[in-house]
Every structure is written in structure tokens, then in C-alpha cells.
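J.: Pasting in a structure now, in C-alpha cells, and then I'll have a few things to ask.
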Amino acid sequence: MREYVELGHMTPLSESSTIDTEGCCFIPHHAVRGSHSDKRKLKVLFDASIKTLNGWSLNDRLYTGPKLQMDILTILINWGRHKVVMLADIEKMYRQILVRPQDLLQTLLQLAKDDEIKYPSAAEVIRTDTYVDNILTGVKNLVEALSLQKDLIGLLKGGRFFLKKWASIDRVILNQIPKELRLQKIMFENVQVVKTLGLGWNPKEDCFIYDLQDHNMTEEITKCQMLSFMAGLYDPIDWLAPVVIIGKILIQQLWIMGAKWDESFDVLLPSAGKLSQLIIRDAHSRTLHGGVHLVLANLRQKYWILKAKNQIKKCIRDCLACCHYNRVTQH
Ligand SMILES: [Zn+2]
């Protein structure tokens, strides 16, 4: 907060100043601790959707104009089409502009329009590859990428905006940028990942990674916990749908069973499904190709698979080693 005052982005109200409590709204904020490597770093999170004493939130009172930017889905899909990709953040964007915040995105678009002739490709990026203050863009080759990078910096500098948190698939692009302006990588299962739009991206492999470490379920699983776990997954374009659907089916089965909110279960899995199959197969081999009862007992130490018996029988029927053994012992 002190930094905000020092930068002139905020002025404290004096004790004596009168506030029109009917007409004004407050934006509450709270501190959020960074995850992974920057756990000590505090971020300020504003929530303009919280209602003030007069019953209104700031968001209620703002007129929502037409959509000025592409949605996350479009931006991410477009991003995937480029051969050489890069991303950057506009530094402290919301606090850089002396306009009402809702006009802010328009300010960026106006900047793009004003300098279109000088920086045509950068202007296009502002229009199509920018989500709030995140730029995710790319081009066909390195030469184009370097020129676009220069133009983006130039265009935004004209509006006194600065780009930071750069990341790219190509080292040469990053080498143009001082180290402190590069996006810090975090380690995730021995892979270096950067965070963009709330998703983990591995620049080396150019793929997105989901980190469920922050969503660890505790030992006891309840319906309440499962719902909160699912609601906490940030998956803007449904890439996790094939996995999440299993959880949704489980929750549905819990409702049908009439499970209470805080009733706890062991790890509960649907009878069909790849994961259950793999777990059964694993238990079967860990019990040295054990029979139904042995496998079931082994499973139950950790999991509760619905209609497990049938699935175990099927697993044994399909097991090549067991088939072979049975044939040999029969003859
Ligand atoms: Zn077997």
C-alpha cells in the first residue's frame, strides 16, 4: 500500500474528509501470498464485486460497455498457431492511467489506433492478442519476432506503458530483455514453467501444465471437499474436461447415495474409467497376480472403487500372465 502512495497511484483520505456514503463505493482488498518459489511475495487483490454498506458494489455501479478484447479462449487458441511465441505483461496497467478503470482497455486500443502507421503489427497485437494486461502473441519466425518485440515496446512506451514479465519459446527474444524484466520461472516436477493467464506454460516444450499441488485433498474426502476442489480448478477452456468429468460423475453418485456433506470416504472412484482400471491392474500385479479377494483387500486399504469386484474379475480375465499360467496349469 505504501508503494501505491509513493508512486502517486493512491492518496490517503484525511480523517476529516467527508464521504458521500450513498454515492460512493469502496473496493476492499486483501493480501495474497505468491505460490511456489515466490511464496514470500505479497500481491494486492482488489475485489470490486463486494457490496459496500449502501448495498452496492463498484461493479454494480459501473456501466459495462461493449467487449473490447478477445476472450481468453480465442487468445489462447490463436497463440497456439504461431511458431515463435512470446508473452509479456503491461506493468501496473490499471494504476498507470488517470481515467476511470472501465475506460482503460479503450485507452490501449486508442494507443494502437494512434500509432498504427508507425507500428502496424504491434497495433494488431494490442487489438487481438491482449487480455487485460497480458500480451500473448507470436509470429512465423525469429526475425519477425524480434521486430515485433521492438515495435511492441515502442508502441506502448508512447503511452508510458512498460512491458515486463517477458517469456518466450526462443532464448534470442529473451536475450533482448534485461533479466529483471523476464518472467520468473517456477519449478514444477523438474520442469521450468511460467505462469500466464493463471495457467502454467512450459516454454521449452511449448505446452501448458496443470499444477494440482495447491489443490491437495486431505486424507478424508467428503462431498463438501470434492465440490470445493472442483470449483477451485481454474480451467478456462475446458482442457481438463476429460478428467473433471470423472469427478462430476462421482459427485453425482454421492448425491444419489444420499451422502452427507461432511461424511468422509476413502479415495472413491467410479467403476468404469481409465484410472480405476489402472489402479486395479496395479493392485493385481502388486499382489503377484492375486485373485479377486486378495486384490480387493489390497485395494480397500486405499481406494473405494464402485462395483470393484466385477472390474477385478475383468482385469484378471484380461491379464496375459494369468491366462498363460492358467493354460499351463490346466494341461
Ligand atoms: Zn494376472
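Following the order of the C-alpha cells, first chain is A, next is B, and so on, with residues numbered from 1 inside each chain and ligands from 1 in the order they appear.
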Per DSSP on the backbone, what are the strand (DSSP E or B) residues of segment 1-133 of chain A, as an MDAnalysis selection string?
T.: chainID A and resid 29:33 42:46 84:90 130:131
J.: Set the distance at 12 Å and use only C-alpha atoms: which residues neighbour segment 28-31 of chain A once local chain neighbours fewer than 6 positions away are removed? I'd like the list as a PyMOL selection string.
T.: chain A and resi 1+40-53+57-58
J.: When you draw a straight line from atom CA of Leu109 of chain A to atom CA of Ala167 of chain A, how long is it in Å?
T.: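 Value for the atom CA of Leu109 of chain A-atom CA of Ala167 of chain A distance: 23.0 Å.
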J.: Please produce, as a tab-separated table, a per-residue contact table for chain A versus ligand 1 (criterion: any atom at most 6 Å away, only C-alpha atoms and all ligand atoms considered), showing the nearest atom pair and its distance in Å to one decimal, sorted by chain then residue number.
T.:
```
residue	atom	partner	partner_atom_place_in_ligand_line	distance
A:His289	CA	ligand 1	1 (Zn)	4.1
A:Ile316	CA	ligand 1	1 (Zn)	5.4
A:Cys319	CA	ligand 1	1 (Zn)	4.6
A:Ala321	CA	ligand 1	1 (Zn)	5.1
A:Cys322	CA	ligand 1	1 (Zn)	4.1
```
J.: Of the candidates A:Gly273, A:Pro236, A:Gly200, A:Gly290, which shows the shortest atom-to-atom distance to Asp71 of chain A, using only C-alpha atoms?
T.: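 Result for the nearest residue to Asp71 of chain A: A:Pro236.
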J.: Atom CA of Arg127 of chain A and atom CA of Lys204 of chain A, how far apart in Å?
T.: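 Between these atoms lies a distance of 27.0 Å.
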J.: Smallest atom-to-atom distance to Leu136 of chain A: which of A:Leu148, A:Thr196, A:Arg160, A:Lys118, using only C-alpha atoms?
T.: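 Answer, going by the shortest atom-to-atom distance: A:Thr196.
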